[in-house]
Number of protein chains: 2
Amino acid sequence: MILHYAQNSRAVRVAWLLEELGLQYEIKKYVLGDEEMRSPNYLKINPLGRVPVLEDADNTLTESGAIIQYIITKYAKRKFIPDIENENFSSYLQWFHFAEGMIMPQMNIIVVETILLPPERKNEVNVKRATKLLSRMLQAVETHMVGREYLAGELSAADMMTGHAVIMSEKLGVDFIEKPNLQRYTKRLMNRPALKKAWCL
Amino acid sequence: MILHYAQNSRAVRVAWLLEELGLQYEIKKYVLGDEEMRSPNYLKINPLGRVPVLEDADNTLTESGAIIQYIITKYAKRKFIPDIENENFSSYLQWFHFAEGMIMPQMNIIVVETILLPPERKNEVNVKRATKLLSRMLQAVETHMVGREYLAGELSAADMMTGHAVIMSEKLGVDFIEKPNLQRYTKRLMNRPALKKAWCL
């Protein structure tokens with residue numbers, strides 16, 4: 001398996017999973033925004049010029065959620081995915097999908113406006129609206145995390161999706177002062193050796 | 001099962017699946033933007049005030065992708081999900097997740113700017129940027145659909161996610177003139193009795 005990776009990207013989710021599982025993989029590193037990710041060679045692998053990409057024989061996947069389901073199903077006997085008899089089955093599904101459905105659209109806007117656009121094209125209204133909505137989404141996670149260590153029982157792929165999105169929100173500067181459960185949750189996740197390693201490959 | 005539904009929302013995906021499977025369900029209908037979706041009673045069911053919501057005994061799910069995986073796994077013996085031996089396994093995963101990862105974030109921006117915001121707060125720059133990016137995302141689907149009837153072999157849950165997102169893009173006014181494969185694809189999907197019914201419940 002080859003993982004195309006960049007720091008501060010969704011590729012961290014995949015590297016985190018691979019490290020938790022102790023699977024062997026080759027890594028190709030990029031820097032977000034780097035020209036190499038728009039080179040003809042890279043666009044052959046992913047025409048949209050994004051990371052992560054996982055190449056595994058004839059299979060090329062570019063969505064972090066798809067890659068995580070792929071690796072777990074193919075190489076890890078569905079570890080980190082509660083099965084249908086598990087009391088956390090529906091909760092797992094809910095929080096696995098919450099990352100891309102609810103958190104990341106707002107994060108994308110904030111990243112575009114505060115990091116990617118040149119200053120003269122930045123729009124403070126967009127940032128404010130996205131930050132307000134992001135905070136509401138995070139409040140839903142905060143409420144769910146009362147009395148919980150992970151999103152769905154034990155550590156699961158839901159943490160690798162939504163947990164990662166929560167950590168990224170905190171790093172982007174979202175105020176966590178009134179979100180004590182999320183503060184504890186992100187620390188708990190960042191203390192895992194697999195995530196520490198995946199964060200800074 | 002109770003499905004909380006609104007036309008022109010992601011709830012159509014779930015209704016489509018339920019109709020394809022011929023499963024019994026109760027439906028509660030709302031109108032997008034309606035006050036009923038911000039009423040205390042509704043916020044008890046989904047504090048974020050969105051549709052779809054699926055209630056099934058003790059399980060409440062609010063993400064269309066989660067609901068689809070839940071229903072298929074629990075009530076349909078994984079119909080519409082290719083298994084690991086299927087040649088379309090990885091492609092299925094990729095296109096299942098492409099909807100929320102790549103298409104919907106742009107669609108959200110366009111809907112907010114052109115439908116939800118009052119005229120004086122609309123921002124044409126945001127619409128243009130999102131439309132350009134959405135068109136690139138749709139081009140990736142167009143390229144994939146050359147010579148294909150569905151995204152991953154037979155009809156699958158990937159079509160219910162990304163196929164629905166493509167149809168919504170077309171209805172929102174994205175130009176499909178140079179996307180002949182998507183034109184055929186959306187027609188093919190809209191000709192399915194289950195989707196026709198789900199669209200206008």
# chains A, B, ... in the order shown; residues from 1 in each chain; ligands from 1

$ interface_residues --of "chain B" --to "chain A" --cutoff "8 Å" --atoms "only C-alpha atoms" --output "list in words"
Pro47, Leu48, Asn59, Thr60, Leu61, Thr62, Glu63, Gly65, Ala66, Ile67, Gln69, Tyr70, Thr73, Lys74, Ile84, Ser90, Ser91, Leu93, Gln94, Phe96, His97, Phe98, Glu100, Gly101, Pro105, Arg136, Met137 and Ala140 of chain B

$ write_last_selection --atoms "N, CA and C atoms" --output "short mmCIF file (atom, residue, chain, number, x, y, z; two decimals), in the first residue's frame"
data_model
loop_
_atom_site.label_atom_id
_atom_site.label_comp_id
_atom_site.auth_asym_id
_atom_site.auth_seq_id
_atom_site.Cartn_x
_atom_site.Cartn_y
_atom_site.Cartn_z
N PRO B 47 -31.03 17.95 17.46
CA PRO B 47 -30.67 19.29 17.96
C PRO B 47 -30.12 20.21 16.87
N LEU B 48 -29.71 19.65 15.74
CA LEU B 48 -29.20 20.49 14.67
C LEU B 48 -30.31 20.92 13.70
N ASN B 59 -32.65 3.77 18.27
CA ASN B 59 -31.62 4.34 17.40
C ASN B 59 -32.14 5.56 16.67
N THR B 60 -31.40 6.66 16.81
CA THR B 60 -31.73 7.87 16.05
C THR B 60 -30.49 8.27 15.27
N LEU B 61 -30.64 8.36 13.96
CA LEU B 61 -29.51 8.73 13.11
C LEU B 61 -29.88 9.94 12.28
N THR B 62 -28.89 10.81 12.03
CA THR B 62 -29.19 12.06 11.32
C THR B 62 -28.29 12.29 10.10
N GLU B 63 -27.42 11.38 9.81
CA GLU B 63 -26.56 11.52 8.64
C GLU B 63 -27.05 10.56 7.56
N GLY B 65 -25.67 9.18 5.03
CA GLY B 65 -24.76 8.06 4.79
C GLY B 65 -24.84 7.02 5.89
N ALA B 66 -24.95 7.48 7.11
CA ALA B 66 -25.07 6.56 8.25
C ALA B 66 -26.40 5.81 8.18
N ILE B 67 -27.45 6.52 7.86
CA ILE B 67 -28.79 5.90 7.81
C ILE B 67 -28.83 4.82 6.73
N GLN B 69 -26.27 3.08 5.48
CA GLN B 69 -25.51 1.90 5.92
C GLN B 69 -26.28 1.12 6.99
N TYR B 70 -26.94 1.85 7.87
CA TYR B 70 -27.72 1.22 8.96
C TYR B 70 -28.84 0.35 8.40
N THR B 73 -27.52 -2.70 6.38
CA THR B 73 -26.89 -3.73 7.21
C THR B 73 -27.93 -4.43 8.07
N LYS B 74 -28.87 -3.66 8.60
CA LYS B 74 -29.81 -4.22 9.57
C LYS B 74 -31.00 -4.92 8.91
N ILE B 84 -16.52 -7.65 -0.31
CA ILE B 84 -15.09 -7.49 -0.53
C ILE B 84 -14.57 -8.25 -1.75
N SER B 90 -13.86 -1.47 -4.01
CA SER B 90 -13.19 -0.21 -3.66
C SER B 90 -13.84 0.98 -4.37
N SER B 91 -14.29 0.74 -5.59
CA SER B 91 -14.95 1.80 -6.35
C SER B 91 -16.26 2.20 -5.64
N LEU B 93 -16.86 2.08 -2.42
CA LEU B 93 -16.52 2.90 -1.25
C LEU B 93 -16.16 4.32 -1.66
N GLN B 94 -15.33 4.41 -2.69
CA GLN B 94 -14.90 5.72 -3.17
C GLN B 94 -16.10 6.60 -3.51
N PHE B 96 -19.33 6.16 -2.77
CA PHE B 96 -20.25 6.37 -1.66
C PHE B 96 -19.84 7.64 -0.90
N HIS B 97 -18.53 7.78 -0.65
CA HIS B 97 -18.05 8.89 0.18
C HIS B 97 -17.82 10.17 -0.60
N PHE B 98 -17.76 10.07 -1.91
CA PHE B 98 -17.48 11.25 -2.74
C PHE B 98 -18.58 12.31 -2.58
N GLU B 100 -20.47 13.41 0.03
CA GLU B 100 -20.31 14.37 1.14
C GLU B 100 -18.92 14.98 1.16
N GLY B 101 -17.91 14.23 0.73
CA GLY B 101 -16.55 14.75 0.78
C GLY B 101 -16.29 15.83 -0.26
N PRO B 105 -20.18 19.93 -0.08
CA PRO B 105 -19.69 21.20 0.48
C PRO B 105 -19.89 22.37 -0.48
N ARG B 136 -15.68 21.03 -11.29
CA ARG B 136 -14.51 20.13 -11.32
C ARG B 136 -14.83 18.79 -10.68
N MET B 137 -15.54 18.83 -9.58
CA MET B 137 -15.91 17.58 -8.88
C MET B 137 -16.80 16.73 -9.77
N ALA B 140 -15.10 14.81 -12.48
CA ALA B 140 -14.52 13.52 -12.04
C ALA B 140 -15.56 12.40 -12.14
#

$ residues_around --residues "region 28-38 of chain A" --least-positions-apart "5" --cutoff "8 Å" --atoms "only C-alpha atoms" --output "PyMOL selection string"
chain A and resi 2-9+43+49-50

$ write_last_selection --atoms "C-alpha atoms" --output "tab-separated table (two decimals), in the first residue's frame"
chain	number	residue	atom	x	y	z
A	2	ILE	CA	1.15	3.51	-0.82
A	3	LEU	CA	-0.32	6.38	1.17
A	4	HIS	CA	-0.02	9.87	-0.30
A	5	TYR	CA	0.11	12.07	2.75
A	6	ALA	CA	0.37	15.68	3.86
A	7	GLN	CA	0.46	17.10	7.37
A	8	ASN	CA	-2.70	18.90	8.51
A	9	SER	CA	-4.76	17.01	5.97
A	43	LEU	CA	-2.96	14.35	-11.30
A	49	GLY	CA	-5.00	16.99	-6.79
A	50	ARG	CA	-5.86	16.19	-3.17

$ residues_around --residues "Lys179 (chain A)" --least-positions-apart "6" --cutoff "12 Å" --atoms "only C-alpha atoms" --output "MDAnalysis selection string"
chainID A and resid 135:146 166 170 185:186

$ write_last_selection --atoms "C-alpha atoms" --output "compact mmCIF listing (two decimals), in the first residue's frame"
# COMPACT_ATOMS: atom_id res chain seq x y z
CA SER A 135 -19.35 25.80 16.81
CA ARG A 136 -22.94 24.47 16.72
CA MET A 137 -21.74 21.24 15.11
CA LEU A 138 -19.00 20.84 17.71
CA GLN A 139 -21.56 21.44 20.47
CA ALA A 140 -23.40 18.34 19.26
CA VAL A 141 -20.19 16.34 19.70
CA GLU A 142 -19.55 17.96 23.10
CA THR A 143 -23.03 16.92 24.29
CA HIS A 144 -22.54 13.39 23.03
CA MET A 145 -19.15 13.08 24.73
CA VAL A 146 -20.50 13.64 28.27
CA VAL A 166 -12.56 17.99 16.18
CA GLU A 170 -9.23 23.17 17.86
CA TYR A 185 -11.36 14.01 24.20
CA THR A 186 -8.81 15.67 21.93

$ closest_residue --among "B:Pro40, B:Pro52, B:Gly22, B:Gly173" --to "Tyr75 (chain B)" --atoms "only C-alpha atoms"
B:Gly22

$ select_by_dssp --residues "chain A" --states "strand (DSSP E)" --output "list in words"
Ile2, Leu3, His4, Tyr5, Ala6, Glu26, Ile27, Lys28, Lys29, Tyr30, Val53, Leu54, Glu55, Asp56, Asn59, Thr60 and Leu61 of chain A

$ residues_around --residues "Val111 (chain B)" --least-positions-apart "5" --cutoff "10 Å" --atoms "only C-alpha atoms" --output "VMD selection string"
chain B and resid 106 116 to 117 127 172
